[in-house]
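Source file start-v4.txt; content: compact mmCIF, C-alpha atoms and all ligand atoms.
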```txt
# COMPACT_ATOMS: atom_id res chain seq x y z
CA MET A 1 -10.54 -6.23 3.48
CA VAL A 2 -13.26 -4.84 1.22
CA ALA A 3 -14.96 -8.25 1.05
CA VAL A 4 -15.40 -8.27 4.84
CA ALA A 5 -16.64 -4.67 4.90
CA LEU A 6 -19.19 -5.18 2.12
CA SER A 7 -20.44 -8.48 3.56
CA LYS A 8 -21.07 -6.62 6.81
CA ALA A 9 -22.73 -3.75 4.90
CA ARG A 10 -25.21 -6.19 3.41
CA GLU A 11 -25.86 -7.79 6.79
CA LEU A 12 -26.54 -4.30 8.20
CA GLY A 13 -28.93 -3.56 5.33
CA ILE A 14 -26.74 -0.87 3.78
CA GLY A 15 -27.45 -0.61 0.06
CA VAL A 16 -24.65 1.58 -1.30
CA ALA A 17 -20.91 0.76 -1.27
CA ALA A 18 -18.53 3.70 -1.09
CA CYS A 19 -15.00 4.72 -0.12
CA ALA A 20 -12.48 7.52 0.13
CA SER A 21 -9.38 6.42 -1.72
CA THR A 22 -5.89 7.24 -2.94
CA GLY A 23 -6.62 4.82 -5.79
CA ASN A 24 -6.13 1.20 -4.79
CA LEU A 25 -9.03 0.87 -2.36
CA ALA A 26 -11.22 2.40 -5.08
CA ASN A 27 -10.38 -0.45 -7.47
CA ALA A 28 -11.18 -3.12 -4.86
CA THR A 29 -14.37 -1.47 -3.63
CA ALA A 30 -15.68 -0.97 -7.16
CA ALA A 31 -14.90 -4.56 -8.18
CA LEU A 32 -16.46 -6.17 -5.13
CA ALA A 33 -19.49 -3.87 -5.21
CA ALA A 34 -20.06 -4.98 -8.81
CA ALA A 35 -19.87 -8.63 -7.77
CA ALA A 36 -22.24 -7.96 -4.88
CA GLY A 37 -24.69 -6.08 -7.13
CA MET A 38 -24.37 -2.88 -5.07
CA PRO A 39 -24.21 0.63 -6.52
CA CYS A 40 -20.79 2.13 -5.80
CA LEU A 41 -19.56 5.66 -5.15
CA VAL A 42 -15.84 6.47 -4.95
CA LEU A 43 -14.27 9.79 -3.98
CA MET A 44 -10.58 10.40 -4.75
CA PRO A 45 -8.17 13.34 -4.87
CA ASP A 46 -8.14 14.84 -8.37
CA ASP A 47 -4.48 13.87 -8.97
CA VAL A 48 -4.98 10.09 -8.75
CA GLU A 49 -3.25 8.23 -11.61
CA PRO A 50 -5.52 7.80 -14.71
CA ALA A 51 -5.10 4.00 -14.70
CA LYS A 52 -6.49 3.84 -11.15
CA VAL A 53 -9.50 5.93 -12.16
CA MET A 54 -10.03 3.65 -15.17
CA ALA A 55 -9.68 0.50 -13.04
CA THR A 56 -12.48 1.87 -10.87
CA SER A 57 -14.89 3.22 -13.51
CA VAL A 58 -14.70 -0.01 -15.51
CA TYR A 59 -16.68 -1.79 -12.79
CA GLY A 60 -19.50 0.70 -13.16
CA ALA A 61 -18.61 2.70 -10.04
CA GLN A 62 -19.40 6.41 -10.03
CA VAL A 63 -16.18 8.32 -9.43
CA VAL A 64 -15.98 11.80 -7.96
CA ALA A 65 -12.63 13.62 -8.16
CA VAL A 66 -12.22 16.10 -5.32
CA ARG A 67 -10.03 19.20 -5.61
CA GLY A 68 -7.85 18.65 -2.58
CA THR A 69 -5.71 16.17 -0.68
CA TYR A 70 -6.73 12.74 0.56
CA ASP A 71 -7.40 14.29 3.98
CA ASP A 72 -9.92 16.65 2.37
CA VAL A 73 -11.57 13.68 0.65
CA ASN A 74 -11.68 11.70 3.88
CA ARG A 75 -13.29 14.53 5.82
CA LEU A 76 -15.90 15.00 3.09
CA CYS A 77 -16.67 11.27 3.11
CA SER A 78 -17.28 11.35 6.89
CA GLU A 79 -19.85 14.10 6.33
CA ILE A 80 -21.50 12.27 3.44
CA SER A 81 -21.70 9.00 5.39
CA ASP A 82 -23.27 10.85 8.36
CA ARG A 83 -25.88 12.40 6.10
CA HIS A 84 -26.70 9.50 3.79
CA GLY A 85 -25.75 6.41 5.79
CA TRP A 86 -24.02 4.76 2.84
CA GLY A 87 -21.41 2.11 3.52
CA PHE A 88 -18.03 3.81 3.28
CA VAL A 89 -15.62 0.90 3.52
CA ASN A 90 -12.86 2.89 5.24
CA VAL A 91 -15.01 5.39 7.15
CA ASN A 92 -18.16 4.09 8.87
CA LEU A 93 -17.33 0.44 8.02
CA ARG A 94 -13.65 0.89 8.96
CA PRO A 95 -13.53 -1.69 11.81
CA TYR A 96 -14.68 -4.43 9.41
CA TYR A 97 -12.33 -3.29 6.65
CA GLY A 98 -9.51 -3.41 9.21
CA GLU A 99 -10.39 -6.95 10.29
CA GLY A 100 -10.32 -7.98 6.62
CA SER A 101 -6.74 -6.68 6.34
CA LYS A 102 -5.62 -9.38 8.75
CA SER A 103 -5.66 -11.79 5.81
CA VAL A 104 -2.33 -10.22 4.73
CA GLY A 105 -0.78 -11.42 8.01
CA TYR A 106 -2.39 -14.84 7.74
CA GLU A 107 -1.09 -15.26 4.19
CA ILE A 108 2.44 -14.25 5.18
CA ALA A 109 2.46 -17.05 7.78
CA GLU A 110 0.86 -19.51 5.36
CA GLN A 111 3.37 -18.75 2.60
CA LEU A 112 6.25 -19.25 5.04
CA GLY A 113 4.94 -22.75 5.85
CA TRP A 114 3.00 -21.69 8.96
CA ARG A 115 5.70 -19.80 10.79
CA LEU A 116 6.15 -16.15 11.57
CA PRO A 117 8.88 -14.08 9.92
CA ALA A 118 11.66 -12.36 11.86
CA HIS A 119 10.95 -9.01 10.18
CA VAL A 120 8.11 -7.55 8.10
CA VAL A 121 8.25 -4.22 6.26
CA VAL A 122 4.82 -2.75 5.55
CA PRO A 123 3.95 0.31 3.39
CA MET A 124 1.90 2.78 5.43
CA ALA A 125 -0.71 5.30 4.30
CA GLY A 126 -3.30 5.71 7.07
CA GLY A 127 -1.40 3.07 9.09
CA SER A 128 -4.17 0.48 9.31
CA LEU A 129 -2.56 -2.39 7.41
CA LEU A 130 0.51 -2.57 9.64
CA THR A 131 -1.59 -2.78 12.81
CA LYS A 132 -3.70 -5.56 11.32
CA VAL A 133 -0.68 -7.59 10.23
CA ALA A 134 0.45 -7.38 13.86
CA LYS A 135 -3.00 -8.46 15.04
CA ALA A 136 -3.06 -11.40 12.63
CA PHE A 137 0.32 -12.64 13.91
CA ALA A 138 -0.86 -12.36 17.54
CA GLU A 139 -4.03 -14.33 16.76
CA LEU A 140 -2.11 -17.10 14.99
CA SER A 141 0.21 -17.39 18.01
CA ASP A 142 -2.67 -17.38 20.50
CA LEU A 143 -4.41 -20.13 18.54
CA GLU A 144 -1.12 -22.08 18.45
CA LEU A 145 -1.28 -22.30 14.67
CA VAL A 146 2.31 -21.04 14.56
CA ALA A 147 5.18 -21.20 17.05
CA ARG A 148 5.11 -18.11 19.26
CA ALA A 149 7.56 -15.48 18.00
CA GLN A 150 7.82 -11.72 17.96
CA PRO A 151 8.20 -10.52 14.38
CA ARG A 152 9.62 -7.01 14.20
CA LEU A 153 7.25 -4.77 12.28
CA HIS A 154 8.83 -1.96 10.28
CA GLY A 155 6.86 0.86 8.68
CA ALA A 156 7.70 2.28 5.24
CA GLN A 157 6.56 5.70 4.04
CA PRO A 158 7.83 7.96 1.25
CA ALA A 159 9.98 10.89 2.40
CA GLY A 160 7.47 13.34 0.91
CA CYS A 161 4.71 12.10 3.23
CA ALA A 162 6.03 10.28 6.27
CA PRO A 163 4.12 11.44 9.36
CA ILE A 164 4.11 7.98 11.00
CA ALA A 165 7.67 7.02 10.07
CA ALA A 166 8.88 10.39 11.38
CA MET A 167 7.33 9.70 14.80
CA VAL A 168 9.23 6.41 15.03
CA ILE A 169 12.51 7.74 13.64
CA GLU A 170 12.45 10.84 15.84
CA GLY A 171 11.25 8.93 18.90
CA ARG A 172 8.19 11.10 19.58
CA ASP A 173 4.57 10.14 20.19
CA THR A 174 2.88 13.20 18.73
CA LEU A 175 1.84 13.07 15.12
CA ILE A 176 2.64 16.09 13.00
CA PRO A 177 0.35 16.00 9.93
CA VAL A 178 1.85 16.70 6.51
CA ALA A 179 -0.28 19.45 4.96
CA ARG A 180 0.99 19.09 1.37
CA PRO A 181 2.25 15.58 0.61
CA ARG A 182 4.75 15.52 -2.27
CA THR A 183 5.73 12.06 -3.39
CA ILE A 184 5.81 9.76 -6.38
CA ALA A 185 4.08 7.17 -4.14
CA ARG A 186 0.72 8.89 -4.42
CA SER A 187 -1.22 5.97 -2.97
CA LEU A 188 0.56 6.61 0.35
CA ALA A 189 -0.03 10.38 0.35
CA VAL A 190 -2.10 10.52 3.53
CA GLY A 191 -0.94 13.55 5.49
CA ASP A 192 -3.05 13.00 8.59
CA PRO A 193 -3.18 9.21 9.06
CA GLY A 194 -6.15 7.91 11.04
CA ASP A 195 -4.27 4.94 12.49
CA GLY A 196 -0.95 6.73 12.88
CA HIS A 197 -0.75 6.36 16.66
CA TYR A 198 -1.73 2.70 16.56
CA ALA A 199 0.82 1.98 13.83
CA ARG A 200 3.56 3.69 15.85
CA GLN A 201 2.59 1.69 18.93
CA ALA A 202 2.61 -1.61 17.01
CA ILE A 203 6.04 -0.84 15.52
CA VAL A 204 7.59 0.19 18.83
CA ALA A 205 6.02 -2.71 20.76
CA SER A 206 7.45 -5.20 18.27
CA GLY A 207 10.97 -3.78 18.46
CA GLY A 208 10.77 -2.65 14.84
CA HIS A 209 11.62 0.68 13.25
CA ALA A 210 10.65 2.82 10.24
CA ALA A 211 12.24 4.33 7.15
CA ALA A 212 11.25 7.08 4.75
CA PRO A 213 13.14 6.66 1.47
CA ASP A 214 13.01 9.43 -1.13
CA ASP A 215 11.50 9.20 -4.63
CA GLU A 216 14.80 8.19 -6.28
CA GLU A 217 15.29 5.33 -3.83
CA ILE A 218 11.70 4.23 -4.42
CA ILE A 219 12.14 4.19 -8.21
CA ALA A 220 15.41 2.26 -7.78
CA ALA A 221 13.46 -0.25 -5.66
CA VAL A 222 10.75 -0.59 -8.34
CA ARG A 223 13.48 -1.49 -10.85
CA LEU A 224 15.40 -3.76 -8.48
CA LEU A 225 12.28 -5.76 -7.65
CA ALA A 226 11.33 -6.08 -11.32
CA GLU A 227 14.84 -6.99 -12.50
CA THR A 228 15.64 -9.48 -9.74
CA GLU A 229 12.26 -11.01 -8.79
CA GLY A 230 10.06 -10.41 -11.84
CA ILE A 231 7.60 -8.38 -9.77
CA PHE A 232 6.43 -5.01 -11.13
CA ALA A 233 5.28 -2.96 -8.17
CA GLU A 234 3.93 0.55 -7.94
CA PRO A 235 6.00 3.12 -6.01
CA GLY A 236 3.63 2.91 -3.02
CA ALA A 237 4.44 -0.80 -2.77
CA ALA A 238 8.13 -0.80 -3.67
CA VAL A 239 8.66 1.68 -0.84
CA SER A 240 8.87 -1.39 1.39
CA VAL A 241 11.91 -2.63 -0.56
CA ALA A 242 13.51 0.82 -0.48
CA ALA A 243 12.87 0.97 3.28
CA LEU A 244 14.26 -2.54 3.70
CA ARG A 245 17.51 -1.46 2.01
CA ARG A 246 17.81 1.44 4.44
CA LEU A 247 17.05 -0.72 7.47
CA VAL A 248 19.63 -3.31 6.40
CA ALA A 249 22.22 -0.57 5.84
CA GLN A 250 21.48 0.73 9.35
CA GLY A 251 21.98 -2.75 10.80
CA ARG A 252 18.38 -2.91 12.03
CA ILE A 253 17.62 -5.94 9.87
CA ASP A 254 20.19 -8.68 9.55
CA GLY A 255 20.18 -12.06 7.83
CA GLU A 256 18.61 -13.96 10.74
CA GLY A 257 15.19 -15.47 10.01
CA PRO A 258 12.74 -14.77 7.20
CA VAL A 259 12.37 -11.13 6.16
CA VAL A 260 9.16 -10.12 4.37
CA ALA A 261 8.61 -6.94 2.36
CA CYS A 262 4.91 -6.45 1.59
CA ILE A 263 4.30 -5.57 -2.06
CA THR A 264 0.86 -4.03 -2.02
CA GLY A 265 0.22 -2.55 -5.45
CA GLN A 266 0.73 -3.31 -9.15
CA GLY A 267 3.11 -1.21 -11.28
CA LEU A 268 0.97 -1.01 -14.41
CA LYS A 269 -1.39 1.32 -12.57
CA THR A 270 1.36 3.91 -12.11
CA ALA A 271 3.20 3.72 -15.44
CA ASP A 272 3.90 7.47 -15.37
CA ALA A 273 6.31 6.92 -12.47
CA LEU A 274 8.78 5.30 -14.89
CA ALA A 275 8.24 7.69 -17.80
CA GLY A 276 11.57 8.46 -19.48
CA ARG A 277 13.52 6.21 -17.11
CA LEU A 278 13.65 3.00 -19.15
CA PRO A 279 15.41 2.45 -22.49
CA ALA A 280 13.17 2.74 -25.55
CA PRO A 281 13.00 -0.42 -27.70
CA ALA A 282 15.52 -0.57 -30.53
CA LEU A 283 13.78 -0.21 -33.92
CA ILE A 284 14.99 -2.24 -36.92
CA GLU A 285 13.90 -3.31 -40.40
CA PRO A 286 12.68 -6.93 -40.59
CA ARG A 287 16.04 -8.26 -41.90
CA LEU A 288 18.61 -10.52 -40.27
CA ALA A 289 21.44 -8.16 -41.21
CA ALA A 290 19.72 -5.37 -39.33
CA PHE A 291 19.35 -7.58 -36.27
CA GLU A 292 22.98 -8.71 -36.47
CA GLY A 293 24.07 -5.09 -36.61
CA LEU A 294 22.14 -4.49 -33.43
CA LEU A 295 23.66 -7.54 -31.80
CA ALA A 296 27.12 -6.19 -32.49
CA GLY A 297 26.17 -2.87 -30.91
CA ALA A 298 23.22 -2.05 -28.72
CA LEU A 299 22.13 -5.48 -27.42
CA ARG A 300 23.98 -6.65 -24.35
CA GLY A 301 24.65 -9.97 -22.61
CA LEU A 302 23.12 -12.28 -25.23
CA VAL A 303 26.18 -13.88 -26.78
C1 LIG B 401 -0.01 0.51 -2.31
C2 LIG B 401 -0.53 0.61 -0.91
N1 LIG B 401 0.14 -0.01 0.07
C3 LIG B 401 -0.27 0.02 1.35
C4 LIG B 401 -1.40 0.73 1.73
C5 LIG B 401 -1.71 0.69 3.19
O1 LIG B 401 -2.49 1.64 3.66
P1 LIG B 401 -2.92 1.84 5.18
O2 LIG B 401 -1.69 2.16 5.95
O3 LIG B 401 -3.85 2.99 5.05
O4 LIG B 401 -3.57 0.60 5.64
C6 LIG B 401 -2.14 1.42 0.72
C7 LIG B 401 -3.34 2.20 1.02
O5 LIG B 401 -3.79 3.02 0.29
C8 LIG B 401 -1.70 1.35 -0.62
O6 LIG B 401 -2.34 1.98 -1.62
```

Once you've parsed the file, please lay out its structure as C-alpha cells.
Ligand SMILES: Cc1ncc(COP(=O)(O)O)c(C=O)c1O
Amino acid sequence: MVAVALSKARELGIGVAACASTGNLANATAALAAAAGMPCLVLMPDDVEPAKVMATSVYGAQVVAVRGTYDDVNRLCSEISDRHGWGFVNVNLRPYYGEGSKSVGYEIAEQLGWRLPAHVVVPMAGGSLLTKVAKAFAELSDLELVARAQPRLHGAQPAGCAPIAAMVIEGRDTLIPVARPRTIARSLAVGDPGDGHYARQAIVASGGHAAAPDDEEIIAAVRLLAETEGIFAEPGAAVSVAALRRLVAQGRIDGEGPVVACITGQGLKTADALAGRLPAPALIEPRLAAFEGLLAGALRGLV
C-alpha cells in the first residue's frame, strides 16, 4: 500500500514522505521512503510500542510523538499536509494507499489457488483494509480470474475500541466515535475511523458480521496462533483469530469453504503484551544430572 502511495508521490513531484500512524504504517513508510531516497516524517501517538518506534527510526525517518490519541495525530497531519504539501501516505495520498491495500485481497485468492474464500476476517483500525479486500475480490471476479463468489467479510476490532464493529453488531448506521480507546491492540486504537461507514457497508453487503473480543481473548488468540500454527502475531493482528472464534461460536461461520483470518502484524513488535504471561526458562547448571532432574520434574511431554 505504501509502495503505491510513494510511487504516486514521486510522479506528482512530492519530495517528502510522511504518515500518521499507530505504529505499523510508520515502519512501512519509513522503510520504503529510505529505499526511494525520500526524507521521511512520521507522527505517532506518544504511547506507541518502543519496538515500533525503533523499527521506524532505524530507516532514518524523523519521528514525532504527539501527546494525544491517533485521532489527534490524524487531525494534525491533515493540517500539516495542507500547509506544507508533503506526501502523507494515509492523508492526502490516501486513495493511492487504499488501492495498494488491494494486494492483500489478491494474495488471499492467489494463496487459495485462485479462488475466493467463503469467509474472511479482517482487523479494522480506520476500516480501509477491509473495504479494499472487498474491492480486490470484486475486481478478480469481474476479470474472470476467479469463479464468481460472494465471500462474507467480517470485521474484527478490540472491545476497547470498536466503533465500526459496534455499528454492525448493534445494527445501526451512525458511527459513535470512541474518545479514549483502551486496548492491548494499540495498532487498532482509532476512535474515529475515516472509513468506518464504508467498512460497515462492505460487511453488511457481503452478508458478513463483526466481533469485538476483549484483551484476554486477544492474548489467548496470540498464544493459540503461535502454539498451533507457528505464527507470532501482535494483538492487533490476532484479534482476527479471536473474532473468528466468537463468530464460529455464534454459528455465523461454519466449516463450509475456506475461511481466512488476516494476520496483519508481527508479535515481536509488541512484546510487552505478553509480559509475565509466559513461563520463564528453567535455569540449570551445565551437567546431565541437573538436566535429568528437570526432566523428571518441570519439563513436560518429552518422554
Ligand atoms: C495490525 C494492523 N492490522 C490491520 C490494520 C488495518 O487498518 P485499517 O482498518 O486502518 O486499514 C492496521 C492499521 O493500522 C494494523 O496496524

Next item on the list: Could you check how far atom CA of A:Thr29 sits from atom CA of A:Gly68, in Å to one decimal?
Entry: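 Calculated distance between atom CA of A:Thr29 and atom CA of A:Gly68 is 21.2 Å.
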
Which residues sit within 7 Å of ligand LIG 401 (chain B), counting only C-alpha atoms and all ligand atoms, listed as an mmCIF file with C-alpha atoms, in the coordinates of the input?
```
data_model
loop_
_atom_site.group_PDB
_atom_site.id
_atom_site.type_symbol
_atom_site.label_atom_id
_atom_site.label_comp_id
_atom_site.auth_asym_id
_atom_site.auth_seq_id
_atom_site.Cartn_x
_atom_site.Cartn_y
_atom_site.Cartn_z
ATOM 1 C CA SER A 21 -9.380 6.420 -1.720
ATOM 2 C CA THR A 22 -5.890 7.240 -2.940
ATOM 3 C CA GLY A 23 -6.620 4.820 -5.790
ATOM 4 C CA ASN A 24 -6.130 1.200 -4.790
ATOM 5 C CA LEU A 25 -9.030 0.870 -2.360
ATOM 6 C CA PRO A 123 3.950 0.310 3.390
ATOM 7 C CA MET A 124 1.900 2.780 5.430
ATOM 8 C CA ALA A 125 -0.710 5.300 4.300
ATOM 9 C CA GLY A 126 -3.300 5.710 7.070
ATOM 10 C CA GLY A 127 -1.400 3.070 9.090
ATOM 11 C CA SER A 128 -4.170 0.480 9.310
ATOM 12 C CA LEU A 129 -2.560 -2.390 7.410
ATOM 13 C CA LEU A 130 0.510 -2.570 9.640
ATOM 14 C CA SER A 187 -1.220 5.970 -2.970
ATOM 15 C CA LEU A 188 0.560 6.610 0.350
ATOM 16 C CA GLU A 234 3.930 0.550 -7.940
ATOM 17 C CA GLY A 236 3.630 2.910 -3.020
ATOM 18 C CA ALA A 237 4.440 -0.800 -2.770
ATOM 19 C CA THR A 264 0.860 -4.030 -2.020
ATOM 20 C CA GLY A 265 0.220 -2.550 -5.450
#
```

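Taking atom CA of A:Arg94 and atom CA of A:Ala189 as endpoints, the distance between them is 18.7 Å.
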
Check: From the set A:Ala9, A:Ile253, A:Val89, A:Cys262, which residue has the shortest atom-to-atom contact distance to A:Val122, counting only C-alpha atoms?
Finding: A:Cys262

Next item on the list: Considering all atoms listed in the file, state which residue in the set A:Ala138, A:Ala51, A:Val178, A:Ile231 is at the smallest distance from A:Ala271.
Entry: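 Answer, going by the shortest atom-to-atom distance: A:Ala51.
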
Next item on the list: Quick one: pull the distance between atom CA of A:Ala212 and atom CA of A:Thr69, Å, one decimal.
Entry: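 Pair atom CA of A:Ala212 / atom CA of A:Thr69 returns 20.0 Å.
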
Checklist line | Polymer residues at most 12 Å from A:Ala280, all atoms listed in the file, same-chain spacing of 5 or more positions, as number ranges by chain | finding: A: 274-275, 298

Grab all the atoms of stretch 46-49 of chain A that the file lists, wrap them in a box along x, y and z, add 8 Å per side, and give me centre plus edge lengths in Å (one decimal) as AutoDock Vina command-line options.
```
--center_x -5.7 --center_y 11.5 --center_z -10.0 --size_x 20.9 --size_y 22.6 --size_z 19.2
```

Next item on the list: Return the single residue from A:His209, A:Arg67, A:Arg186, A:Arg300 that is closest to A:Asp272, with distances computed using only C-alpha atoms.
Entry: A:Arg186

Check: With all atoms listed in the file as the atoms that count, which of A:Gly196, A:Ala221, A:Leu288, A:Met167 lies nearest to A:Ala261?
Finding: A:Ala221

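In this comparison, which uses only C-alpha atoms, the residue of A:Ala202, A:Glu292, A:Gln250, A:Cys19 approaching A:Val73 most closely is A:Cys19.
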
Next item on the list: Using all atoms listed in the file, determine which residues lie at most 8 Å from stretch 152-164 of chain A, disregarding the query and same-chain residues fewer than 2 positions distant; provide the list as a PyMOL selection string.
Entry: chain A and resi 118-125+127+130+134+150+166-168+175-178+181-183+185+188-193+196-197+199-200+202-203+206-215+218+236+239-240+243

Kindly export the residues of the current selection with C-alpha atoms, as a PDB file, in the coordinates of the input.
```pdb
ATOM      1  CA  ALA A 118      11.660 -12.360  11.860  1.00  0.00           C
ATOM      2  CA  HIS A 119      10.950  -9.010  10.180  1.00  0.00           C
ATOM      3  CA  VAL A 120       8.110  -7.550   8.100  1.00  0.00           C
ATOM      4  CA  VAL A 121       8.250  -4.220   6.260  1.00  0.00           C
ATOM      5  CA  VAL A 122       4.820  -2.750   5.550  1.00  0.00           C
ATOM      6  CA  PRO A 123       3.950   0.310   3.390  1.00  0.00           C
ATOM      7  CA  MET A 124       1.900   2.780   5.430  1.00  0.00           C
ATOM      8  CA  ALA A 125      -0.710   5.300   4.300  1.00  0.00           C
ATOM      9  CA  GLY A 127      -1.400   3.070   9.090  1.00  0.00           C
ATOM     10  CA  LEU A 130       0.510  -2.570   9.640  1.00  0.00           C
ATOM     11  CA  ALA A 134       0.450  -7.380  13.860  1.00  0.00           C
ATOM     12  CA  GLN A 150       7.820 -11.720  17.960  1.00  0.00           C
ATOM     13  CA  ALA A 166       8.880  10.390  11.380  1.00  0.00           C
ATOM     14  CA  MET A 167       7.330   9.700  14.800  1.00  0.00           C
ATOM     15  CA  VAL A 168       9.230   6.410  15.030  1.00  0.00           C
ATOM     16  CA  LEU A 175       1.840  13.070  15.120  1.00  0.00           C
ATOM     17  CA  ILE A 176       2.640  16.090  13.000  1.00  0.00           C
ATOM     18  CA  PRO A 177       0.350  16.000   9.930  1.00  0.00           C
ATOM     19  CA  VAL A 178       1.850  16.700   6.510  1.00  0.00           C
ATOM     20  CA  PRO A 181       2.250  15.580   0.610  1.00  0.00           C
ATOM     21  CA  ARG A 182       4.750  15.520  -2.270  1.00  0.00           C
ATOM     22  CA  THR A 183       5.730  12.060  -3.390  1.00  0.00           C
ATOM     23  CA  ALA A 185       4.080   7.170  -4.140  1.00  0.00           C
ATOM     24  CA  LEU A 188       0.560   6.610   0.350  1.00  0.00           C
ATOM     25  CA  ALA A 189      -0.030  10.380   0.350  1.00  0.00           C
ATOM     26  CA  VAL A 190      -2.100  10.520   3.530  1.00  0.00           C
ATOM     27  CA  GLY A 191      -0.940  13.550   5.490  1.00  0.00           C
ATOM     28  CA  ASP A 192      -3.050  13.000   8.590  1.00  0.00           C
ATOM     29  CA  PRO A 193      -3.180   9.210   9.060  1.00  0.00           C
ATOM     30  CA  GLY A 196      -0.950   6.730  12.880  1.00  0.00           C
ATOM     31  CA  HIS A 197      -0.750   6.360  16.660  1.00  0.00           C
ATOM     32  CA  ALA A 199       0.820   1.980  13.830  1.00  0.00           C
ATOM     33  CA  ARG A 200       3.560   3.690  15.850  1.00  0.00           C
ATOM     34  CA  ALA A 202       2.610  -1.610  17.010  1.00  0.00           C
ATOM     35  CA  ILE A 203       6.040  -0.840  15.520  1.00  0.00           C
ATOM     36  CA  SER A 206       7.450  -5.200  18.270  1.00  0.00           C
ATOM     37  CA  GLY A 207      10.970  -3.780  18.460  1.00  0.00           C
ATOM     38  CA  GLY A 208      10.770  -2.650  14.840  1.00  0.00           C
ATOM     39  CA  HIS A 209      11.620   0.680  13.250  1.00  0.00           C
ATOM     40  CA  ALA A 210      10.650   2.820  10.240  1.00  0.00           C
ATOM     41  CA  ALA A 211      12.240   4.330   7.150  1.00  0.00           C
ATOM     42  CA  ALA A 212      11.250   7.080   4.750  1.00  0.00           C
ATOM     43  CA  PRO A 213      13.140   6.660   1.470  1.00  0.00           C
ATOM     44  CA  ASP A 214      13.010   9.430  -1.130  1.00  0.00           C
ATOM     45  CA  ASP A 215      11.500   9.200  -4.630  1.00  0.00           C
ATOM     46  CA  ILE A 218      11.700   4.230  -4.420  1.00  0.00           C
ATOM     47  CA  GLY A 236       3.630   2.910  -3.020  1.00  0.00           C
ATOM     48  CA  VAL A 239       8.660   1.680  -0.840  1.00  0.00           C
ATOM     49  CA  SER A 240       8.870  -1.390   1.390  1.00  0.00           C
ATOM     50  CA  ALA A 243      12.870   0.970   3.280  1.00  0.00           C
TER      51      ALA A 243
END
```

Check: Which is closer to A:Pro95 than all the others in A:Ala55, A:Ala205, A:Val4, A:Leu112, using all atoms listed in the file?
Finding: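 The closest residue to A:Pro95 is A:Val4.
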
Checklist line | Spatial neighbours of A:Lys102, max dist 9 Å, only C-alpha atoms, sep filter under 4 positions, as a PyMOL selection string | finding: chain A and resi 1+98+106-107+129+131-137

How would stretch 176-187 of chain A look written as a PDB file, in the first residue's frame with N, CA, C and O atoms?
```pdb
ATOM      1  N   ILE A 176     -20.450   6.025  16.326  1.00  0.00           N
ATOM      2  CA  ILE A 176     -20.206   6.735  17.586  1.00  0.00           C
ATOM      3  C   ILE A 176     -18.710   6.624  17.896  1.00  0.00           C
ATOM      4  O   ILE A 176     -18.220   5.540  18.224  1.00  0.00           O
ATOM      5  N   PRO A 177     -17.964   7.740  17.739  1.00  0.00           N
ATOM      6  CA  PRO A 177     -16.513   7.665  17.975  1.00  0.00           C
ATOM      7  C   PRO A 177     -16.195   7.279  19.415  1.00  0.00           C
ATOM      8  O   PRO A 177     -16.963   7.566  20.335  1.00  0.00           O
ATOM      9  N   VAL A 178     -15.058   6.618  19.585  1.00  0.00           N
ATOM     10  CA  VAL A 178     -14.570   6.249  20.916  1.00  0.00           C
ATOM     11  C   VAL A 178     -13.532   7.304  21.308  1.00  0.00           C
ATOM     12  O   VAL A 178     -12.468   7.406  20.685  1.00  0.00           O
ATOM     13  N   ALA A 179     -13.844   8.093  22.324  1.00  0.00           N
ATOM     14  CA  ALA A 179     -12.966   9.218  22.667  1.00  0.00           C
ATOM     15  C   ALA A 179     -11.652   8.746  23.275  1.00  0.00           C
ATOM     16  O   ALA A 179     -10.584   9.294  22.978  1.00  0.00           O
ATOM     17  N   ARG A 180     -11.707   7.739  24.125  1.00  0.00           N
ATOM     18  CA  ARG A 180     -10.497   7.253  24.819  1.00  0.00           C
ATOM     19  C   ARG A 180     -10.351   5.756  24.597  1.00  0.00           C
ATOM     20  O   ARG A 180     -10.765   4.964  25.438  1.00  0.00           O
ATOM     21  N   PRO A 181      -9.740   5.343  23.492  1.00  0.00           N
ATOM     22  CA  PRO A 181      -9.550   3.906  23.269  1.00  0.00           C
ATOM     23  C   PRO A 181      -8.699   3.291  24.374  1.00  0.00           C
ATOM     24  O   PRO A 181      -7.733   3.896  24.818  1.00  0.00           O
ATOM     25  N   ARG A 182      -9.120   2.109  24.843  1.00  0.00           N
ATOM     26  CA  ARG A 182      -8.341   1.384  25.856  1.00  0.00           C
ATOM     27  C   ARG A 182      -8.261  -0.071  25.437  1.00  0.00           C
ATOM     28  O   ARG A 182      -9.213  -0.824  25.607  1.00  0.00           O
ATOM     29  N   THR A 183      -7.125  -0.436  24.849  1.00  0.00           N
ATOM     30  CA  THR A 183      -6.976  -1.802  24.388  1.00  0.00           C
ATOM     31  C   THR A 183      -5.504  -2.186  24.277  1.00  0.00           C
ATOM     32  O   THR A 183      -4.650  -1.319  24.025  1.00  0.00           O
ATOM     33  N   ILE A 184      -5.271  -3.481  24.444  1.00  0.00           N
ATOM     34  CA  ILE A 184      -3.910  -4.005  24.267  1.00  0.00           C
ATOM     35  C   ILE A 184      -3.519  -3.975  22.784  1.00  0.00           C
ATOM     36  O   ILE A 184      -2.352  -3.946  22.439  1.00  0.00           O
ATOM     37  N   ALA A 185      -4.511  -3.946  21.907  1.00  0.00           N
ATOM     38  CA  ALA A 185      -4.264  -3.889  20.451  1.00  0.00           C
ATOM     39  C   ALA A 185      -4.124  -2.428  20.034  1.00  0.00           C
ATOM     40  O   ALA A 185      -4.991  -1.849  19.378  1.00  0.00           O
ATOM     41  N   ARG A 186      -3.000  -1.837  20.422  1.00  0.00           N
ATOM     42  CA  ARG A 186      -2.850  -0.381  20.237  1.00  0.00           C
ATOM     43  C   ARG A 186      -2.834   0.031  18.771  1.00  0.00           C
ATOM     44  O   ARG A 186      -3.203   1.147  18.432  1.00  0.00           O
ATOM     45  N   SER A 187      -2.393  -0.870  17.901  1.00  0.00           N
ATOM     46  CA  SER A 187      -2.350  -0.501  16.484  1.00  0.00           C
ATOM     47  C   SER A 187      -3.750  -0.322  15.904  1.00  0.00           C
ATOM     48  O   SER A 187      -3.904   0.249  14.825  1.00  0.00           O
TER      49      SER A 187
END
```
